[in-house]
Amino acid sequence: MARRRDRRGQPSQDRRNERVESETREEKLSDADASERKLIGIFVVFFIVIPAVSVLVYVYKYGSGTKPLEPVVTERGLIKTDISFQEILSENSKVSGNESLRNYDYPVLAYITPWNSKGYEMAKRFNSKFTHLSPVWYDLKSQGSSLILEGRHNADKGWMSDLRMRGDALILPRIVLEAYPTELFKKKKMREKAINLILNECKEMGYDGIVLESWSRWAAYGILHDPDLRNAALAFIKQLGLALHSVKSARTPEQQLQLIYVIGPPRSDALQQHDFGPEDLQSLSGAVDGFSLMTYDFSGPNNPGPNAPIKWIRFTLSLLLGSAGNNAKRLAPKIFLGINFYGNDFVLSEGSGGGGAILGRDYLSLLEKHMPVLQWEKNSGEHFFVYLDDDGVKHAVFYPSSMSIYMRLEEARFWGTGISIWEIGQGLDYFFDLL
Ligand SMILES: *[C@@H]1O[C@H](CO)[C@@H](O)[C@H](O)[C@H]1NC(C)=O
């Protein structure tokens, strides 16, 4: 699990104010004092009042049509809050709908990791459900006074040609920019080198572009606290985007190579300088084709709870789009709203937290072993259950369900965004019915 952090993007931090919601932390909440009540007040304003107003304004301006899912999918009767563990155990491996039909017409980006091979299979099987596929293959690193792009050994050409025979999904490998940012922003030559390495890899390997992740690292390096460096960072992303756009795709010559940029949700109630905000979105939107928004990991082992509360998702979207005015309609389709296909198994013991990410197969074995009652947490829009392990220690397990995924897919439709999934090998087969 050493790669857990890396796998799921930046860790959650400074979310104390947002943590008062969950009913599952009843023990901790029982000694709530005045300061917690104050936090609840802040919570209500930031996560309920502001999003509610923005949502109303947004709907009033842009409206939202309704398009039902394929009837065979809804007729299965799994999209409900009172689901039982037996239903999940008997239904999770079945897909009722046509595997090549889509229920939504917005862009769908799916991440695939080399350390979880089920994702490669899912990408092939449900190929036409995705518009963008991002295998997590590359790191751009500093090496001495130069740069190297590592990860070609991960690239699976056979898989790529299989995908291309089956469908049209674009293949954009993810590159994490690990290189020392100050070097990069000080030296023009270094930036050119970085861009050339990326362009050459795309040309040689026939990619349709890339997904770039760098923001959380730049924040960690302190780059984004310095206005000049922050501007240099934005300028670099634009330069890379324009360079990619100047190259024609090998597969479809009328298309250019694309840049999708990974962004995180703000880490506290009010936007900080190191957060990626609505102005950054506007400023980059000419050079960047999409923004993969990591709306997951709201909770962690030290503050167990839902992975991505629906109100927090709304808050994040209203923050990014609510102030965009007439541009919202243009910007929303560029956002790929992040949806987790993994879950968490948290230890609820006093003091030290513990536990962490679980995949579909771990979830199924917990259901088989403990036969738990699944509970629906209305505030976050997530299912969870509680169990006692062999040592009598209490755990809470949050893992997506048909209901929770459906709510988030609808949320994306409502805002006019696309979605991104981290990551398709960690989910259960019946999730794909909903896409
Ligand atoms: C699934 O949908 C595709 C595209 O509409 C169609 O060509 C195919 O025949 C369908 N498959 C089944 C089993 O209905």
# chains A, B, ... in the order shown; residues from 1 in each chain; ligands from 1

call {"tool": "select_by_dssp", "arguments": {"residues": "stretch 136-281 of chain A", "states": "strand (DSSP E)", "output": "count of residues only"}}
result
30

call {"tool": "closest_atom_pairs", "arguments": {"of": "chain A", "to": "ligand 1", "cutoff": "9 Å", "atoms": "only C-alpha atoms and all ligand atoms", "output": "CSV"}}
result
residue,atom,partner,partner_atom_place_in_ligand_line,distance
A:Gly97,CA,ligand 1,14 (O),8.4
A:Asn98,CA,ligand 1,1 (C),4.8
A:Glu99,CA,ligand 1,1 (C),6.6
A:Ser100,CA,ligand 1,2 (O),5.4
A:Leu101,CA,ligand 1,2 (O),5.3
A:Arg102,CA,ligand 1,2 (O),9.0

call {"tool": "write_last_selection", "arguments": {"atoms": "C-alpha atoms", "output": "compact mmCIF listing (two decimals), in the first residue's frame"}}
result
# COMPACT_ATOMS: atom_id res chain seq x y z
CA GLY A 97 -27.42 -3.21 -20.13
CA ASN A 98 -25.77 -3.29 -23.53
CA GLU A 99 -22.05 -3.07 -22.72
CA SER A 100 -21.40 -0.75 -25.61
CA LEU A 101 -24.26 1.67 -25.03
CA ARG A 102 -23.80 4.84 -23.01

call {"tool": "residues_around", "arguments": {"residues": "A:Trp218", "least_positions_apart": "6", "cutoff": "12 Å", "atoms": "only C-alpha atoms", "output": "ChimeraX atom specification"}}
result
/A:10,176-182,184-185,224-226,229-234,263,274-276

call {"tool": "write_last_selection", "arguments": {"atoms": "N, CA and C atoms", "output": "short mmCIF file (atom, residue, chain, number, x, y, z; two decimals), in the first residue's frame"}}
result
data_model
loop_
_atom_site.label_atom_id
_atom_site.label_comp_id
_atom_site.auth_asym_id
_atom_site.auth_seq_id
_atom_site.Cartn_x
_atom_site.Cartn_y
_atom_site.Cartn_z
N GLN A 10 -3.53 13.85 -4.04
CA GLN A 10 -3.06 14.47 -2.81
C GLN A 10 -3.87 14.02 -1.60
N VAL A 176 3.21 12.47 -14.30
CA VAL A 176 3.37 13.27 -13.09
C VAL A 176 4.65 14.08 -13.24
N LEU A 177 4.54 15.37 -13.04
CA LEU A 177 5.70 16.25 -13.18
C LEU A 177 6.42 16.31 -11.84
N GLU A 178 7.48 15.49 -11.73
CA GLU A 178 8.21 15.43 -10.47
C GLU A 178 9.41 16.38 -10.47
N ALA A 179 9.77 16.87 -11.62
CA ALA A 179 10.99 17.68 -11.75
C ALA A 179 10.94 18.88 -10.81
N TYR A 180 12.13 19.30 -10.32
CA TYR A 180 12.21 20.43 -9.39
C TYR A 180 11.60 21.67 -10.05
N PRO A 181 10.52 22.18 -9.51
CA PRO A 181 9.82 23.26 -10.21
C PRO A 181 10.61 24.56 -10.31
N THR A 182 11.41 24.88 -9.31
CA THR A 182 12.12 26.17 -9.40
C THR A 182 13.09 26.17 -10.58
N LEU A 184 12.73 24.48 -13.27
CA LEU A 184 11.90 24.50 -14.46
C LEU A 184 11.45 25.92 -14.79
N PHE A 185 11.07 26.65 -13.74
CA PHE A 185 10.51 27.97 -14.00
C PHE A 185 11.58 29.04 -14.20
N LEU A 224 3.33 27.74 -5.25
CA LEU A 224 2.07 28.44 -5.52
C LEU A 224 1.80 29.54 -4.50
N HIS A 225 2.68 29.65 -3.50
CA HIS A 225 2.53 30.74 -2.52
C HIS A 225 3.21 32.01 -2.99
N ASP A 226 4.08 31.86 -3.98
CA ASP A 226 4.84 33.00 -4.49
C ASP A 226 4.17 33.47 -5.79
N LEU A 229 6.18 32.94 -9.08
CA LEU A 229 6.34 31.53 -9.46
C LEU A 229 4.99 30.92 -9.84
N ARG A 230 3.95 31.38 -9.15
CA ARG A 230 2.61 30.87 -9.47
C ARG A 230 2.25 31.23 -10.92
N ASN A 231 2.55 32.46 -11.31
CA ASN A 231 2.30 32.87 -12.69
C ASN A 231 3.14 32.08 -13.68
N ALA A 232 4.41 31.83 -13.28
CA ALA A 232 5.28 31.04 -14.16
C ALA A 232 4.71 29.63 -14.32
N ALA A 233 4.13 29.11 -13.24
CA ALA A 233 3.56 27.77 -13.29
C ALA A 233 2.40 27.73 -14.28
N LEU A 234 1.52 28.73 -14.19
CA LEU A 234 0.38 28.78 -15.11
C LEU A 234 0.86 28.95 -16.56
N ILE A 263 -6.61 18.74 -11.37
CA ILE A 263 -6.76 19.77 -10.32
C ILE A 263 -7.43 19.16 -9.09
N HIS A 274 -2.80 28.77 -2.80
CA HIS A 274 -2.27 27.59 -3.47
C HIS A 274 -3.37 26.70 -4.05
N ASP A 275 -4.63 27.06 -3.83
CA ASP A 275 -5.73 26.29 -4.43
C ASP A 275 -5.89 26.66 -5.89
N PHE A 276 -6.38 25.71 -6.65
CA PHE A 276 -6.71 25.98 -8.04
C PHE A 276 -8.12 26.56 -8.06
#

call {"tool": "residues_around", "arguments": {"residues": "A:Pro304", "least_positions_apart": "5", "cutoff": "8 Å", "atoms": "only C-alpha atoms", "output": "MDAnalysis selection string"}}
result
chainID A and resid 25 299 346:348 353 396

call {"tool": "closest_residue", "arguments": {"among": "A:Thr417, A:Ser380, A:Asn307, A:Gln375", "to": "A:Leu321", "atoms": "only C-alpha atoms"}}
result
A:Thr417

call {"tool": "atom_distance", "arguments": {"atom1": "atom CA of A:Lys189", "atom2": "atom CA of A:Asp280"}}
result
24.9 Å

call {"tool": "residues_around", "arguments": {"residues": "A:Gly356", "least_positions_apart": "6", "cutoff": "8 Å", "atoms": "only C-alpha atoms", "output": "list in words"}}
result
Gly300, Pro301, Asn344, Asp345 and Phe346 of chain A

call {"tool": "residues_around", "arguments": {"residues": "A:Val136", "least_positions_apart": "4", "cutoff": "6 Å", "atoms": "only C-alpha atoms", "output": "compact mmCIF listing (two decimals) with C-alpha atoms, in the first residue's frame"}}
result
# COMPACT_ATOMS: atom_id res chain seq x y z
CA THR A 113 -3.07 1.69 -13.20
CA PRO A 173 -1.26 8.60 -20.49
CA ARG A 174 -0.85 10.41 -17.21

call {"tool": "select_by_dssp", "arguments": {"residues": "stretch 252-325 of chain A", "states": "helix (DSSP H, G or I)", "output": "VMD selection string"}}
result
chain A and resid 278 to 284 310 to 321 325

call {"tool": "write_last_selection", "arguments": {"atoms": "C-alpha atoms", "output": "short mmCIF file (atom, residue, chain, number, x, y, z; two decimals), in the first residue's frame"}}
result
data_model
loop_
_atom_site.label_atom_id
_atom_site.label_comp_id
_atom_site.auth_asym_id
_atom_site.auth_seq_id
_atom_site.Cartn_x
_atom_site.Cartn_y
_atom_site.Cartn_z
CA PRO A 278 -12.08 29.77 -10.86
CA GLU A 279 -9.67 32.39 -12.20
CA ASP A 280 -7.08 29.72 -12.94
CA LEU A 281 -9.75 27.72 -14.72
CA GLN A 282 -10.64 30.70 -16.92
CA SER A 283 -7.05 31.60 -17.52
CA LEU A 284 -6.01 28.09 -18.63
CA ILE A 310 -22.27 15.03 -2.40
CA LYS A 311 -22.59 18.46 -0.79
CA TRP A 312 -18.86 18.92 -0.89
CA ILE A 313 -18.88 17.97 -4.59
CA ARG A 314 -21.56 20.62 -5.15
CA PHE A 315 -19.61 23.16 -3.17
CA THR A 316 -16.48 22.49 -5.24
CA LEU A 317 -18.34 22.77 -8.53
CA SER A 318 -20.14 25.92 -7.49
CA LEU A 319 -16.83 27.41 -6.44
CA LEU A 320 -15.26 26.66 -9.82
CA LEU A 321 -18.26 27.42 -12.02
CA GLY A 325 -21.24 33.76 -15.35
#

call {"tool": "residues_around", "arguments": {"residues": "A:Ser117", "least_positions_apart": "6", "cutoff": "12 Å", "atoms": "only C-alpha atoms", "output": "PyMOL selection string"}}
result
chain A and resi 111+123-124+135-136+154+156+159+423-426
